[in-house]
$ cat model.pdb   # PDB, C-alpha atoms and all ligand atoms
MODEL        1
ATOM      1  CA  MET A  13     -27.266  12.249  17.556  1.00  0.00           C
ATOM      2  CA  ALA A  14     -24.064  10.497  16.457  1.00  0.00           C
ATOM      3  CA  LYS A  15     -22.126  11.969  13.554  1.00  0.00           C
ATOM      4  CA  ALA A  16     -21.764   9.770  10.491  1.00  0.00           C
ATOM      5  CA  CYS A  17     -18.181   8.593  10.009  1.00  0.00           C
ATOM      6  CA  LEU A  18     -16.415   9.655   6.815  1.00  0.00           C
ATOM      7  CA  TYR A  19     -14.696   6.273   6.552  1.00  0.00           C
ATOM      8  CA  THR A  20     -16.116   2.844   5.736  1.00  0.00           C
ATOM      9  CA  ASN A  21     -16.007   0.089   8.362  1.00  0.00           C
ATOM     10  CA  LYS A  22     -13.395  -1.687   6.239  1.00  0.00           C
ATOM     11  CA  ALA A  23     -11.107   1.363   6.165  1.00  0.00           C
ATOM     12  CA  LEU A  24     -11.467   1.770   9.940  1.00  0.00           C
ATOM     13  CA  GLU A  25     -10.758  -1.937  10.507  1.00  0.00           C
ATOM     14  CA  TYR A  26      -7.641  -1.864   8.288  1.00  0.00           C
ATOM     15  CA  PHE A  27      -6.414   1.231  10.136  1.00  0.00           C
ATOM     16  CA  LYS A  28      -7.002  -0.252  13.599  1.00  0.00           C
ATOM     17  CA  HIS A  29      -5.759  -3.799  12.878  1.00  0.00           C
ATOM     18  CA  PRO A  30      -3.455  -3.849   9.848  1.00  0.00           C
ATOM     19  CA  LYS A  31      -2.261  -7.433   9.255  1.00  0.00           C
ATOM     20  CA  HIS A  32       0.658  -6.407   7.031  1.00  0.00           C
ATOM     21  CA  ALA A  33       2.214  -3.648   9.129  1.00  0.00           C
ATOM     22  CA  GLY A  34       5.879  -4.240   9.896  1.00  0.00           C
ATOM     23  CA  GLU A  35       9.060  -5.269   8.139  1.00  0.00           C
ATOM     24  CA  ILE A  36      10.429  -8.302   6.300  1.00  0.00           C
ATOM     25  CA  LYS A  37      13.958  -9.428   7.157  1.00  0.00           C
ATOM     26  CA  ASN A  38      16.086  -9.760   4.006  1.00  0.00           C
ATOM     27  CA  PRO A  39      13.415  -8.460   1.623  1.00  0.00           C
ATOM     28  CA  ASP A  40      13.843  -8.902  -2.131  1.00  0.00           C
ATOM     29  CA  ALA A  41      12.654  -5.346  -2.752  1.00  0.00           C
ATOM     30  CA  VAL A  42      12.172  -2.205  -0.693  1.00  0.00           C
ATOM     31  CA  ALA A  43      10.955   1.233  -1.666  1.00  0.00           C
ATOM     32  CA  THR A  44       9.997   4.426   0.103  1.00  0.00           C
ATOM     33  CA  ALA A  45       8.039   7.467  -0.995  1.00  0.00           C
ATOM     34  CA  GLY A  46       6.690  10.558   0.647  1.00  0.00           C
ATOM     35  CA  ASN A  47       3.580  12.549  -0.036  1.00  0.00           C
ATOM     36  CA  PRO A  48       4.704  16.130  -0.717  1.00  0.00           C
ATOM     37  CA  ARG A  49       1.215  17.437   0.111  1.00  0.00           C
ATOM     38  CA  CYS A  50       1.338  16.347   3.759  1.00  0.00           C
ATOM     39  CA  GLY A  51       4.802  14.956   4.515  1.00  0.00           C
ATOM     40  CA  ASP A  52       3.598  11.406   5.172  1.00  0.00           C
ATOM     41  CA  VAL A  53       5.981   8.559   4.354  1.00  0.00           C
ATOM     42  CA  LEU A  54       5.380   4.960   3.284  1.00  0.00           C
ATOM     43  CA  LYS A  55       7.857   2.092   2.972  1.00  0.00           C
ATOM     44  CA  PHE A  56       7.026  -1.296   1.422  1.00  0.00           C
ATOM     45  CA  PHE A  57       9.021  -4.528   1.860  1.00  0.00           C
ATOM     46  CA  LEU A  58       8.477  -7.373  -0.618  1.00  0.00           C
ATOM     47  CA  LYS A  59       9.407 -11.043  -0.659  1.00  0.00           C
ATOM     48  CA  ILE A  60       9.307 -12.345  -4.228  1.00  0.00           C
ATOM     49  CA  LYS A  61       9.469 -15.952  -5.428  1.00  0.00           C
ATOM     50  CA  ASN A  62       8.992 -17.182  -9.004  1.00  0.00           C
ATOM     51  CA  ASN A  63       7.911 -13.707 -10.068  1.00  0.00           C
ATOM     52  CA  LYS A  64       5.157 -13.613  -7.410  1.00  0.00           C
ATOM     53  CA  ILE A  65       4.785 -11.436  -4.315  1.00  0.00           C
ATOM     54  CA  VAL A  66       4.733 -14.060  -1.578  1.00  0.00           C
ATOM     55  CA  ASP A  67       4.886 -11.604   1.318  1.00  0.00           C
ATOM     56  CA  ILE A  68       4.463  -7.870   1.718  1.00  0.00           C
ATOM     57  CA  ARG A  69       4.784  -5.570   4.728  1.00  0.00           C
ATOM     58  CA  PHE A  70       4.607  -1.832   5.175  1.00  0.00           C
ATOM     59  CA  LYS A  71       5.581   0.956   7.506  1.00  0.00           C
ATOM     60  CA  THR A  72       3.400   3.990   7.074  1.00  0.00           C
ATOM     61  CA  TYR A  73       3.836   7.224   8.936  1.00  0.00           C
ATOM     62  CA  GLY A  74       0.645   8.894   7.934  1.00  0.00           C
ATOM     63  CA  CYS A  75      -3.049   9.447   8.272  1.00  0.00           C
ATOM     64  CA  LEU A  76      -5.871   6.937   8.681  1.00  0.00           C
ATOM     65  CA  ALA A  77      -6.464   6.849   4.911  1.00  0.00           C
ATOM     66  CA  ALA A  78      -2.775   6.250   4.163  1.00  0.00           C
ATOM     67  CA  ILE A  79      -2.574   3.335   6.622  1.00  0.00           C
ATOM     68  CA  ALA A  80      -5.878   1.799   5.471  1.00  0.00           C
ATOM     69  CA  SER A  81      -4.777   2.193   1.826  1.00  0.00           C
ATOM     70  CA  SER A  82      -1.417   0.536   2.583  1.00  0.00           C
ATOM     71  CA  GLU A  83      -3.186  -2.420   4.191  1.00  0.00           C
ATOM     72  CA  ALA A  84      -5.638  -2.655   1.291  1.00  0.00           C
ATOM     73  CA  LEU A  85      -2.815  -2.621  -1.247  1.00  0.00           C
ATOM     74  CA  ALA A  86      -0.835  -5.242   0.688  1.00  0.00           C
ATOM     75  CA  ARG A  87      -3.867  -7.557   0.683  1.00  0.00           C
ATOM     76  CA  MET A  88      -4.474  -6.917  -3.003  1.00  0.00           C
ATOM     77  CA  ALA A  89      -0.840  -7.421  -4.060  1.00  0.00           C
ATOM     78  CA  LYS A  90       0.001 -10.513  -1.991  1.00  0.00           C
ATOM     79  CA  GLY A  91      -0.034 -13.631  -4.172  1.00  0.00           C
ATOM     80  CA  LYS A  92      -0.061 -11.647  -7.403  1.00  0.00           C
ATOM     81  CA  THR A  93       2.602 -11.816 -10.102  1.00  0.00           C
ATOM     82  CA  LEU A  94       4.714  -8.689 -10.496  1.00  0.00           C
ATOM     83  CA  SER A  95       2.929  -7.710 -13.702  1.00  0.00           C
ATOM     84  CA  GLN A  96      -0.498  -8.185 -12.060  1.00  0.00           C
ATOM     85  CA  ALA A  97       0.606  -6.090  -9.054  1.00  0.00           C
ATOM     86  CA  LEU A  98       1.824  -3.306 -11.363  1.00  0.00           C
ATOM     87  CA  LYS A  99      -1.705  -3.021 -12.748  1.00  0.00           C
ATOM     88  CA  ILE A 100      -3.250  -2.139  -9.362  1.00  0.00           C
ATOM     89  CA  LYS A 101      -4.465   1.459  -9.642  1.00  0.00           C
ATOM     90  CA  ASP A 102      -5.245   4.039  -6.957  1.00  0.00           C
ATOM     91  CA  SER A 103      -8.907   3.728  -7.877  1.00  0.00           C
ATOM     92  CA  ASP A 104      -8.734  -0.050  -7.192  1.00  0.00           C
ATOM     93  CA  ILE A 105      -7.477   0.686  -3.675  1.00  0.00           C
ATOM     94  CA  VAL A 106     -10.280   3.170  -3.030  1.00  0.00           C
ATOM     95  CA  LYS A 107     -12.801   0.659  -4.423  1.00  0.00           C
ATOM     96  CA  HIS A 108     -11.384  -2.131  -2.224  1.00  0.00           C
ATOM     97  CA  LEU A 109     -11.930   0.085   0.835  1.00  0.00           C
ATOM     98  CA  GLY A 110     -15.503   0.777  -0.212  1.00  0.00           C
ATOM     99  CA  GLY A 111     -14.595   4.424  -0.804  1.00  0.00           C
ATOM    100  CA  LEU A 112     -12.602   7.209   0.832  1.00  0.00           C
ATOM    101  CA  PRO A 113     -13.579  10.812   1.531  1.00  0.00           C
ATOM    102  CA  THR A 114     -12.804  12.772  -1.652  1.00  0.00           C
ATOM    103  CA  ILE A 115     -10.243  14.960   0.093  1.00  0.00           C
ATOM    104  CA  LYS A 116      -8.386  11.760   1.082  1.00  0.00           C
ATOM    105  CA  PHE A 117      -8.044  10.241  -2.412  1.00  0.00           C
ATOM    106  CA  HIS A 118      -4.472  11.552  -2.642  1.00  0.00           C
ATOM    107  CA  CYS A 119      -3.544   9.337   0.351  1.00  0.00           C
ATOM    108  CA  SER A 120      -4.178   6.178  -1.682  1.00  0.00           C
ATOM    109  CA  VAL A 121      -1.725   7.321  -4.374  1.00  0.00           C
ATOM    110  CA  LEU A 122       1.250   6.838  -2.085  1.00  0.00           C
ATOM    111  CA  GLY A 123       0.824   3.047  -1.859  1.00  0.00           C
ATOM    112  CA  SER A 124       0.642   2.293  -5.549  1.00  0.00           C
ATOM    113  CA  THR A 125       3.571   4.661  -6.196  1.00  0.00           C
ATOM    114  CA  VAL A 126       5.788   2.846  -3.669  1.00  0.00           C
ATOM    115  CA  LEU A 127       4.750  -0.619  -4.827  1.00  0.00           C
ATOM    116  CA  LYS A 128       5.620   0.243  -8.434  1.00  0.00           C
ATOM    117  CA  LYS A 129       8.951   1.695  -7.310  1.00  0.00           C
ATOM    118  CA  ALA A 130       9.788  -1.488  -5.341  1.00  0.00           C
ATOM    119  CA  ILE A 131       8.898  -3.767  -8.263  1.00  0.00           C
ATOM    120  CA  GLU A 132      10.848  -1.667 -10.770  1.00  0.00           C
ATOM    121  CA  SER A 133      13.942  -1.660  -8.537  1.00  0.00           C
ATOM    122  CA  TYR A 134      13.641  -5.449  -8.129  1.00  0.00           C
ATOM    123  CA  LYS A 135      13.404  -5.929 -11.906  1.00  0.00           C
ATOM    124  CA  LYS A 136      16.505  -3.768 -12.416  1.00  0.00           C
ATOM    125  CA  THR A 137      18.572  -5.854  -9.978  1.00  0.00           C
ATOM    126  CA  LYS A 138      17.438  -9.053 -11.741  1.00  0.00           C
ATOM    127  CA  THR A 139      18.468  -7.816 -15.192  1.00  0.00           C
ATOM    128  CA  LYS A 140      22.001  -6.864 -14.096  1.00  0.00           C
TER     129      LYS A 140
HETATM  130  S1  LIG A 201      -2.868  13.184   4.779  1.00  0.00           S
HETATM  131 FE1  LIG A 201      -0.903  12.434   4.239  1.00  0.00          FE
HETATM  132  S2  LIG A 201      -1.233  10.595   3.191  1.00  0.00           S
HETATM  133 FE2  LIG A 201      -3.137  11.186   3.995  1.00  0.00          FE
ENDMDL
END

$ encode --input "model.pdb" --output "C-alpha cells" --more "lines below"
Ligand code: FES
Amino acid sequence: MAKACLYTNKALEYFKHPKHAGEIKNPDAVATAGNPRCGDVLKFFLKIKNNKIVDIRFKTYGCLAAIASSEALARMAKGKTLSQALKIKDSDIVKHLGGLPTIKFHCSVLGSTVLKKAIESYKKTKTK
C-alpha cells in the first residue's frame, strides 16, 4: 500500500516546477536571509514600478517546503503594491499551499522575512 504524502499536490508542483526560480538582472530590491534552525538560505529579487511588484524571482537553497513556500509567495506578491505585499503572513503562504506538515511551518517563515527585508531596503533607498 502506498504511503500518503505529507505535502499537498500544489506544494509538490511548486517544488518540482517553480515558475519564479532564478534571478532578475538589475533588480530594484534584493534581500537574503537564512534559517538558523537548518542553515537554508533564500534570496529574493524584485522589480518594482509605480510602487508595485511587477516581477519577482528567488533562489532558495533549502528543503521542499522552503522552495514551495518561495514559489507560493512569489505568486502571491507579484502584481501587489508594496504595502499589500508587506501584509502577506506566513499563515497565508501555508494556506495558499493547502497546508504544510506542522514540523515544516518554520520553512514558510523564511520567505515572508526576506520579502519584507527587500521591500524595507527599497523604501530606504527611495527616501534618501
Ligand atoms: S528545513 Fe530548512 S527551510 Fe525547511

$ closest_atom_pairs --input "model.pdb" --of "chain A" --to "ligand LIG 201 (chain A)" --cutoff "8 Å" --atoms "all atoms listed in the file" --output "CSV"
residue,atom,partner,partner_atom,distance
A:Asn47,CA,A:LIG201,S2,6.1
A:Arg49,CA,A:LIG201,FE1,6.8
A:Cys50,CA,A:LIG201,FE1,4.5
A:Gly51,CA,A:LIG201,FE1,6.2
A:Asp52,CA,A:LIG201,FE1,4.7
A:Val53,CA,A:LIG201,S2,7.6
A:Gly74,CA,A:LIG201,FE1,5.3
A:Cys75,CA,A:LIG201,FE2,4.6
A:Leu76,CA,A:LIG201,FE2,6.9
A:Ala77,CA,A:LIG201,FE2,5.5
A:Ala78,CA,A:LIG201,S2,4.7
A:Lys116,CA,A:LIG201,FE2,6.0
A:His118,CA,A:LIG201,S2,6.7
A:Cys119,CA,A:LIG201,S2,3.9
A:Ser120,CA,A:LIG201,S2,7.2
A:Leu122,CA,A:LIG201,S2,6.9

$ closest_residue --input "model.pdb" --among "A:Ile105, A:Leu112, A:Ala130, A:Ala80" --to "A:Ile68" --atoms "all atoms listed in the file"
A:Ala130

$ residues_around --input "model.pdb" --residues "stretch 54-61 of chain A" --least-positions-apart "3" --cutoff "9 Å" --atoms "all atoms listed in the file" --output "VMD selection string"
chain A and resid 34 to 47 64 to 74 78 to 79 82 86 93 to 94 122 to 123 126 to 127 130 to 131

$ closest_residue --input "model.pdb" --among "A:Ile115, A:Asn62, A:Lys135, A:Tyr19" --to "A:Gly91" --atoms "only C-alpha atoms"
A:Asn62

$ residues_around --input "model.pdb" --residues "A:Asp102" --least-positions-apart "4" --cutoff "7 Å" --atoms "all atoms listed in the file" --output "tab-separated table (two decimals) with C-alpha atoms, in the coordinates of the input"
chain	number	residue	atom	x	y	z
A	106	VAL	CA	-10.28	3.17	-3.03
A	120	SER	CA	-4.18	6.18	-1.68
A	121	VAL	CA	-1.72	7.32	-4.37
A	124	SER	CA	0.64	2.29	-5.55

$ atom_distance --input "model.pdb" --atom1 "atom CA of A:Gly111" --atom2 "atom CA of A:Thr20"
6.9 Å

$ axis_aligned_box --input "model.pdb" --around "stretch 63-73 of chain A" --padding-each-side "8 Å" --output "AutoDock Vina command-line options"
--center_x 5.7 --center_y -3.4 --center_z -0.6 --size_x 20.5 --size_y 37.3 --size_z 35.0

$ atom_distance --input "model.pdb" --atom1 "atom CA of A:Leu24" --atom2 "atom CA of A:Glu83"
10.9 Å

$ closest_residue --input "model.pdb" --among "A:Thr125, A:Gln96, A:Asn63, A:Ser81" --to "A:His32" --atoms "only C-alpha atoms"
A:Ser81

$ atom_distance --input "model.pdb" --atom1 "atom CA of A:Cys17" --atom2 "atom CA of A:Phe117"
16.1 Å
